[in-house]
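Student: Here you go, one structure.
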Amino acid sequence: MRVLGISGSLRDASHNTKLLRAAGELFDAADVEFVAYEGLKEVPPYDEDDDVEPAPAAVARLREAVAGADAVLFATPEYNSSIPGQLKNAVDWISRPLATNPLRNKSVAVIGASTGMFGAVWAQAELRKVAAAVGARVLEVEVAVGHAHTRFDDEGRLTDPELLEQLRSVVDAVVGAVVESAERAVAA
Amino acid sequence: MSTIEETQTLPTGTWGIDPVHSEIGFSVDYMAGTFRGTFSKFDAKVVDGRLEGTAEVGSVQVKDPNLEAHLQTPDFFDAERNPQLRFVSNEVSRSGDRVTIDGEITIKGETRPIELTGTISDPIDDPFGNERFGLKVEGELDRTQFGVSWNNPLPTGEPALANQVKLIGELQFVKAG
């Protein structure tokens with residue numbers, strides 16, 4: 001089983017990238033391969049004129065990374081009450097063509113962190129809506145890390161035990177969803 | 001009159017669908033109007049007065065390919081896990097050409113009762129040497145009871161897509177053998 005993690009924040013010290021890393025450690029502990037996607041910044045702006053075969057290299061890598069994963073875990077910050085443009089842009093690229101895109105029927109979970117008190121809940125909700133619209137199996141789970149600048153220690157580790165427990169339940173839900181999909185595929 | 005004739009109001013014998021001259025579709029209120037779709041692949045038969053039919057979710061046809069793709073997803077029918085819609089009749093009653101068919105419909109893996117009403121024609125001989133009869137029926141269901149719950153709010157906050165969906169079947173059956 002392989003889970004792809006995509007952080008919607010580009011900066012090096014991103015809270016969301018740290019949150020994703022914390023999730024990755026929990027996946028590792030569950031013997032699940034976790035791959036953090038690192039090419040978000042290279043994805044060009046979506047342009048239908050460029051949406052041809054072969055796809056731009058950064059887009060092809062992104063689509064392959066999603067196609068090669070059994071599930072995708074997004075960690076998103078919130079920009080002006082919504083999804084960061086670069087992350088939405090990446091999902092738009094992944095979604096084309098809609099009928100065969102690699103997020104289709106894929107288990108997807110969304111978590112998020114923000115320095116405000118609400119932990120990117122609106123961005124998470126919008127990203128869930130977008131992921132469902134492109135055909136993903138969106139899990140009804142959430143981790144909202146508010147005041148994110150106070151939640152990680154100097155090594156960038158998530159320290160809040162309650163949030164760690166929430167994160168663990170998301171990891172369990174993702175693993176459970178992948179197992180369920182695999183069992184259905186065998187039964188079908 | 002035998003008991004069978006009293007209760008059996010669809011023709012006896014085995015009848016197969018004529019897919020070219022039949023249509024299965026739906027309509028639902030959307031924003032300021034009505035949204036319609038059809039299924040291009042379906043099957044149905046009447047065997048000794050009992051109607052059974054299936055429609056392939058993957059064959060749904062609407063006027064936009066992106067929307068057709070969206071209808072396949074877990075937001076709507078979840079075709080990967082539930083590739084077929086299914087209807088089976090339980091009781092049929094008829095008065096003149098009016099017909100009421102009580103049955104069960106399965107959508108997205110959820111089976112619930114539904115009443116179809118409409119008209120039925122008596123069997124006729126067609127120009128090709130077959131016997132055929134027609135059935136035009138409609139029924140209503142609440143899509144959210146089947147887990148087909150997608151919506152999008154209008155600027156007023158009201159949902160854009162209605163929950164009540166009308167099913168429409170215009171079917172011609174040809175006698176087997």
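Following the order of the structure tokens, first chain is A, next is B, and so on, with residues numbered from 1 inside each chain and ligands from 1 in the order they appear.
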Near stretch 151-159 of chain A, within 8 Å and counting only C-alpha atoms, which residues show up once chain neighbours fewer than 2 positions away are dropped, as a list in words?

Tutor: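 Contacts, with the query itself left out: His15, Lys18, Leu19, Ala22, Val145, His147, Ala148, His149, Pro161, Leu163 and Leu164 of chain A.
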
Student: Distance table requested - chain A against chain B, cut-off 12 Å, only C-alpha atoms: one row per qualifying residue with the closest atom pair and its distance in Å to one decimal, ordered by chain and rising residue number, as a Markdown table.

Tutor:
| residue | atom | partner | partner_atom | distance |
| --- | --- | --- | --- | --- |
| A:Ser95 | CA | B:Asn66 | CA | 10.5 |
| A:Arg96 | CA | B:Asn66 | CA | 9.8 |
| A:Pro97 | CA | B:Asn66 | CA | 8.5 |
| A:Leu98 | CA | B:Asn66 | CA | 6.3 |
| A:Ala99 | CA | B:Ala69 | CA | 4.8 |
| A:Thr100 | CA | B:Ala69 | CA | 8.4 |
| A:Asn101 | CA | B:Ala69 | CA | 10.0 |
| A:Leu103 | CA | B:Thr73 | CA | 10.5 |
| A:Arg104 | CA | B:Thr73 | CA | 7.3 |
| A:Asn105 | CA | B:Thr73 | CA | 7.0 |
| A:Lys106 | CA | B:Pro74 | CA | 10.1 |
| A:Ser107 | CA | B:Pro74 | CA | 10.7 |
| A:Val108 | CA | B:Pro74 | CA | 11.9 |
| A:Glu126 | CA | B:Asn152 | CA | 11.8 |
| A:Arg128 | CA | B:Asp75 | CA | 11.1 |
| A:Lys129 | CA | B:Asp75 | CA | 9.4 |
| A:Val130 | CA | B:Asp75 | CA | 10.7 |
| A:Ala131 | CA | B:Asp75 | CA | 9.9 |
| A:Ala132 | CA | B:Asp75 | CA | 6.1 |
| A:Ala133 | CA | B:His70 | CA | 6.4 |
| A:Val134 | CA | B:His70 | CA | 6.9 |
| A:Gly135 | CA | B:Thr73 | CA | 4.7 |
| A:Ala136 | CA | B:Pro74 | CA | 7.2 |
| A:Arg137 | CA | B:Pro74 | CA | 6.2 |
| A:Val138 | CA | B:Pro74 | CA | 8.5 |
| A:Leu139 | CA | B:Pro74 | CA | 11.1 |
| A:Glu180 | CA | B:Arg81 | CA | 11.4 |
| A:Ser181 | CA | B:Arg81 | CA | 9.2 |
| A:Ala182 | CA | B:Arg81 | CA | 11.6 |
| A:Glu183 | CA | B:Arg81 | CA | 11.5 |
| A:Arg184 | CA | B:Arg81 | CA | 7.9 |
| A:Ala185 | CA | B:Arg81 | CA | 8.8 |
| A:Val186 | CA | B:Arg81 | CA | 11.9 |
| A:Ala187 | CA | B:Arg81 | CA | 10.7 |
| A:Ala188 | CA | B:Arg81 | CA | 8.6 |

Student: Filtering to N, CA and C atoms, could you give me those residues as a short mmCIF file (atom, residue, chain, number, x, y, z; two decimals), in the first residue's frame?

Tutor:
data_model
loop_
_atom_site.label_atom_id
_atom_site.label_comp_id
_atom_site.auth_asym_id
_atom_site.auth_seq_id
_atom_site.Cartn_x
_atom_site.Cartn_y
_atom_site.Cartn_z
N SER A 95 -7.07 16.50 -12.74
CA SER A 95 -8.45 16.11 -13.06
C SER A 95 -8.74 15.95 -14.54
N ARG A 96 -7.78 16.30 -15.39
CA ARG A 96 -8.05 16.26 -16.83
C ARG A 96 -7.43 15.03 -17.47
N PRO A 97 -8.13 14.29 -18.35
CA PRO A 97 -9.58 14.42 -18.58
C PRO A 97 -10.37 13.80 -17.42
N LEU A 98 -11.49 14.42 -17.15
CA LEU A 98 -12.25 14.09 -15.94
C LEU A 98 -12.63 12.62 -15.85
N ALA A 99 -13.02 12.03 -16.97
CA ALA A 99 -13.56 10.67 -16.94
C ALA A 99 -12.50 9.62 -16.61
N THR A 100 -11.23 9.95 -16.79
CA THR A 100 -10.18 8.95 -16.58
C THR A 100 -9.07 9.44 -15.65
N ASN A 101 -9.31 10.53 -14.95
CA ASN A 101 -8.22 11.13 -14.16
C ASN A 101 -7.83 10.21 -12.99
N LEU A 103 -7.35 10.60 -9.88
CA LEU A 103 -7.99 10.74 -8.57
C LEU A 103 -9.34 10.01 -8.51
N ARG A 104 -9.81 9.61 -9.69
CA ARG A 104 -11.12 8.97 -9.78
C ARG A 104 -11.14 7.68 -8.94
N ASN A 105 -12.11 7.56 -8.06
CA ASN A 105 -12.31 6.39 -7.20
C ASN A 105 -11.15 6.17 -6.22
N LYS A 106 -10.28 7.15 -6.12
CA LYS A 106 -9.15 7.01 -5.19
C LYS A 106 -9.56 7.54 -3.81
N SER A 107 -9.11 6.86 -2.76
CA SER A 107 -9.39 7.34 -1.42
C SER A 107 -8.58 8.60 -1.15
N VAL A 108 -9.25 9.63 -0.67
CA VAL A 108 -8.61 10.92 -0.42
C VAL A 108 -9.02 11.41 0.97
N GLU A 126 -13.44 22.99 1.22
CA GLU A 126 -13.48 23.25 -0.23
C GLU A 126 -12.66 22.23 -0.99
N ARG A 128 -12.20 19.16 -0.08
CA ARG A 128 -13.00 17.92 -0.11
C ARG A 128 -14.05 18.00 -1.21
N LYS A 129 -14.68 19.16 -1.33
CA LYS A 129 -15.69 19.33 -2.39
C LYS A 129 -15.06 19.15 -3.76
N VAL A 130 -13.91 19.77 -3.96
CA VAL A 130 -13.23 19.69 -5.26
C VAL A 130 -12.81 18.24 -5.55
N ALA A 131 -12.24 17.58 -4.53
CA ALA A 131 -11.79 16.20 -4.73
C ALA A 131 -12.97 15.30 -5.08
N ALA A 132 -14.10 15.51 -4.42
CA ALA A 132 -15.29 14.70 -4.74
C ALA A 132 -15.77 14.99 -6.15
N ALA A 133 -15.71 16.26 -6.54
CA ALA A 133 -16.19 16.63 -7.88
C ALA A 133 -15.33 16.00 -8.98
N VAL A 134 -14.07 15.75 -8.70
CA VAL A 134 -13.23 15.11 -9.72
C VAL A 134 -13.28 13.59 -9.61
N GLY A 135 -14.04 13.07 -8.63
CA GLY A 135 -14.31 11.64 -8.61
C GLY A 135 -13.64 10.85 -7.52
N ALA A 136 -13.00 11.53 -6.57
CA ALA A 136 -12.32 10.80 -5.49
C ALA A 136 -13.32 10.26 -4.47
N ARG A 137 -12.90 9.24 -3.74
CA ARG A 137 -13.66 8.76 -2.58
C ARG A 137 -13.15 9.56 -1.39
N VAL A 138 -13.87 10.60 -1.03
CA VAL A 138 -13.38 11.51 -0.01
C VAL A 138 -13.80 11.02 1.37
N LEU A 139 -12.83 10.85 2.24
CA LEU A 139 -13.12 10.35 3.58
C LEU A 139 -13.66 11.48 4.45
N GLU A 180 -10.51 -1.64 2.21
CA GLU A 180 -11.89 -1.92 1.79
C GLU A 180 -12.00 -1.92 0.26
N SER A 181 -11.37 -0.94 -0.38
CA SER A 181 -11.41 -0.88 -1.85
C SER A 181 -10.78 -2.11 -2.47
N ALA A 182 -9.66 -2.55 -1.89
CA ALA A 182 -8.98 -3.73 -2.41
C ALA A 182 -9.84 -4.97 -2.24
N GLU A 183 -10.52 -5.07 -1.10
CA GLU A 183 -11.39 -6.22 -0.87
C GLU A 183 -12.56 -6.23 -1.83
N ARG A 184 -13.11 -5.06 -2.10
CA ARG A 184 -14.21 -4.99 -3.07
C ARG A 184 -13.74 -5.38 -4.46
N ALA A 185 -12.53 -4.95 -4.80
CA ALA A 185 -12.00 -5.26 -6.13
C ALA A 185 -11.81 -6.77 -6.28
N VAL A 186 -11.37 -7.41 -5.20
CA VAL A 186 -11.19 -8.87 -5.25
C VAL A 186 -12.54 -9.56 -5.36
N ALA A 187 -13.53 -9.05 -4.61
CA ALA A 187 -14.86 -9.68 -4.59
C ALA A 187 -15.59 -9.50 -5.90
N ALA A 188 -15.28 -8.40 -6.61
CA ALA A 188 -16.04 -8.09 -7.83
C ALA A 188 -15.68 -9.03 -8.98
#

Student: Excluding same-chain residues fewer than 6 positions from stretch 89-92 of chain B, what lies within 6 Å of it counting only C-alpha atoms, as a PyMOL selection string?

Tutor: chain B and resi 50-51+100-103

Student: Where in stretch 20-177 of chain A does DSSP assign helix (DSSP H, G or I), given as an MDAnalysis selection string?

Tutor: chainID A and resid 20:29 40:42 48:50 57:67 85:94 98:100 121:133 148:150 161:177

Student: Would you mind writing down, as number ranges by chain, each residue of chain B that DSSP on the backbone assigns to strand (DSSP E)?

Tutor: B: 14-17, 23-30, 33-39, 42-47, 50-56, 60-61, 84-95, 98-107, 110-120, 124-125, 131-142, 161-175

Student: Write the residues you've just listed into a file as a short mmCIF file (atom, residue, chain, number, x, y, z; two decimals), in the first residue's frame, and include C-alpha atoms for each of them.

Tutor:
data_model
loop_
_atom_site.label_atom_id
_atom_site.label_comp_id
_atom_site.auth_asym_id
_atom_site.auth_seq_id
_atom_site.Cartn_x
_atom_site.Cartn_y
_atom_site.Cartn_z
CA THR B 14 -41.99 -14.06 -21.91
CA TRP B 15 -41.36 -10.64 -23.45
CA GLY B 16 -38.00 -9.05 -24.14
CA ILE B 17 -37.20 -5.36 -24.46
CA GLU B 23 -36.05 4.74 -23.41
CA ILE B 24 -35.20 4.91 -19.74
CA GLY B 25 -34.41 8.29 -18.26
CA PHE B 26 -34.81 10.70 -15.40
CA SER B 27 -35.61 14.33 -14.82
CA VAL B 28 -34.86 16.49 -11.82
CA ASP B 29 -35.35 20.18 -11.09
CA TYR B 30 -32.06 22.05 -11.33
CA GLY B 33 -35.38 24.50 -14.92
CA THR B 34 -35.38 20.75 -15.40
CA PHE B 35 -32.38 18.55 -16.01
CA ARG B 36 -32.84 15.34 -17.98
CA GLY B 37 -30.75 12.30 -18.72
CA THR B 38 -31.13 8.86 -20.25
CA PHE B 39 -29.41 5.51 -20.04
CA PHE B 42 -30.44 -1.21 -20.34
CA ASP B 43 -32.30 -4.46 -20.36
CA ALA B 44 -35.79 -5.44 -19.30
CA LYS B 45 -38.13 -8.35 -19.60
CA VAL B 46 -41.63 -9.33 -18.64
CA VAL B 47 -41.94 -12.95 -17.62
CA ARG B 50 -43.43 -9.80 -13.67
CA LEU B 51 -41.31 -6.89 -14.90
CA GLU B 52 -37.57 -6.82 -14.30
CA GLY B 53 -35.07 -4.34 -15.63
CA THR B 54 -31.54 -3.05 -15.26
CA ALA B 55 -29.75 0.05 -16.55
CA GLU B 56 -26.00 0.52 -16.78
CA VAL B 60 -25.80 7.62 -18.66
CA GLN B 61 -26.19 10.31 -21.28
CA GLN B 84 -26.26 -1.08 -12.36
CA LEU B 85 -29.64 0.31 -11.45
CA ARG B 86 -32.27 -2.38 -11.00
CA PHE B 87 -36.04 -2.60 -10.85
CA VAL B 88 -38.21 -5.60 -10.02
CA SER B 89 -42.00 -5.50 -9.90
CA ASN B 90 -44.01 -6.98 -7.07
CA GLU B 91 -47.62 -6.15 -7.86
CA VAL B 92 -49.25 -4.83 -10.97
CA SER B 93 -52.77 -3.44 -11.15
CA ARG B 94 -54.56 -2.23 -14.23
CA SER B 95 -57.71 -0.33 -15.04
CA ARG B 98 -53.90 2.74 -16.78
CA VAL B 99 -51.36 0.64 -14.98
CA THR B 100 -49.73 0.83 -11.54
CA ILE B 101 -46.61 -1.18 -10.86
CA ASP B 102 -45.39 -1.56 -7.29
CA GLY B 103 -41.86 -2.76 -7.13
CA GLU B 104 -38.42 -2.26 -5.73
CA ILE B 105 -35.67 -0.15 -7.20
CA THR B 106 -31.97 -0.49 -6.40
CA ILE B 107 -29.74 2.56 -6.80
CA GLU B 110 -29.80 0.71 -1.79
CA THR B 111 -33.11 -1.09 -2.47
CA ARG B 112 -36.37 0.72 -1.76
CA PRO B 113 -40.00 0.42 -2.80
CA ILE B 114 -41.27 2.57 -5.65
CA GLU B 115 -44.59 2.95 -7.43
CA LEU B 116 -44.60 3.39 -11.19
CA THR B 117 -47.77 4.60 -12.88
CA GLY B 118 -48.68 5.11 -16.50
CA THR B 119 -50.27 3.42 -19.45
CA ILE B 120 -50.06 0.03 -21.09
CA ILE B 124 -50.34 -5.85 -31.37
CA ASP B 125 -48.78 -7.61 -34.36
CA GLU B 131 -46.14 -9.46 -31.10
CA ARG B 132 -45.38 -6.39 -29.04
CA PHE B 133 -46.88 -4.18 -26.36
CA GLY B 134 -45.94 -0.83 -24.93
CA LEU B 135 -45.54 0.45 -21.41
CA LYS B 136 -45.11 4.12 -20.46
CA VAL B 137 -44.51 4.63 -16.77
CA GLU B 138 -43.19 7.23 -14.37
CA GLY B 139 -42.21 7.13 -10.73
CA GLU B 140 -40.72 9.50 -8.18
CA LEU B 141 -38.04 8.95 -5.61
CA ASP B 142 -35.95 10.95 -3.18
CA LEU B 161 -30.52 20.45 -7.33
CA ALA B 162 -33.82 19.02 -6.13
CA ASN B 163 -33.96 15.79 -4.15
CA GLN B 164 -37.10 14.49 -5.88
CA VAL B 165 -36.25 12.74 -9.13
CA LYS B 166 -38.72 11.50 -11.72
CA LEU B 167 -37.94 8.23 -13.47
CA ILE B 168 -39.35 7.76 -16.92
CA GLY B 169 -39.66 4.51 -18.83
CA GLU B 170 -41.05 4.27 -22.34
CA LEU B 171 -40.76 0.60 -23.13
CA GLN B 172 -41.71 -1.70 -25.96
CA PHE B 173 -41.66 -5.42 -25.32
CA VAL B 174 -41.51 -8.12 -28.00
CA LYS B 175 -42.80 -11.61 -27.38
#

Student: Near A:Glu38, within 9 Å and counting only C-alpha atoms, which residues show up once chain neighbours fewer than 6 positions away are dropped, as an MDAnalysis selection string?

Tutor: chainID A and resid 6:7 10

Student: If we count only C-alpha atoms, what is near A:Ala173 at a cut-off of 10 Å, once residues fewer than 5 positions away on the same chain are taken out, given as number ranges by chain?

Tutor: A: 107, 109, 139-141, 167-168, 178-179

Student: Write out as a short mmCIF file (atom, residue, chain, number, x, y, z; two decimals) with N, CA and C atoms, in the first residue's frame the residues lying within 6 Å of A:Ala113, counting only C-alpha atoms and excluding same-chain residues fewer than 5 positions away.

Tutor:
data_model
loop_
_atom_site.label_atom_id
_atom_site.label_comp_id
_atom_site.auth_asym_id
_atom_site.auth_seq_id
_atom_site.Cartn_x
_atom_site.Cartn_y
_atom_site.Cartn_z
N ASN A 16 2.06 22.83 7.27
CA ASN A 16 1.33 21.73 6.64
C ASN A 16 2.28 20.61 6.20
N PRO A 77 -3.03 24.58 3.80
CA PRO A 77 -3.26 25.83 4.53
C PRO A 77 -4.51 26.52 3.97
N GLY A 119 -7.67 26.40 11.96
CA GLY A 119 -6.97 25.26 11.37
C GLY A 119 -7.38 24.94 9.94
N ALA A 120 -7.63 25.99 9.15
CA ALA A 120 -7.88 25.81 7.71
C ALA A 120 -9.12 24.97 7.42
N ALA A 144 -7.79 19.66 12.10
CA ALA A 144 -7.65 21.11 11.94
C ALA A 144 -6.67 21.61 12.99
N VAL A 145 -5.46 21.88 12.54
CA VAL A 145 -4.41 22.35 13.46
C VAL A 145 -4.43 23.88 13.47
N GLY A 146 -5.11 24.44 14.46
CA GLY A 146 -5.11 25.89 14.63
C GLY A 146 -3.87 26.33 15.39
N ALA A 148 -1.00 27.01 14.40
CA ALA A 148 -0.04 25.99 13.97
C ALA A 148 1.38 26.31 14.41
#

Student: What does the distance between atom CA of A:Arg2 and atom CA of A:Phe34 come to in Å, to one decimal place?

Tutor: 5.8 Å

Student: Have a look at A:Val121, A:Ala13, A:Ala30, A:Ala55 and name the one nearest to A:Glu78; count only C-alpha atoms.

Tutor: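 Using only C-alpha atoms, A:Glu78 sits closest to A:Val121.
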
Student: How far is it from atom CA of A:Pro54 to atom CA of A:Glu33, in Å with one decimal?

Tutor: 28.6 Å
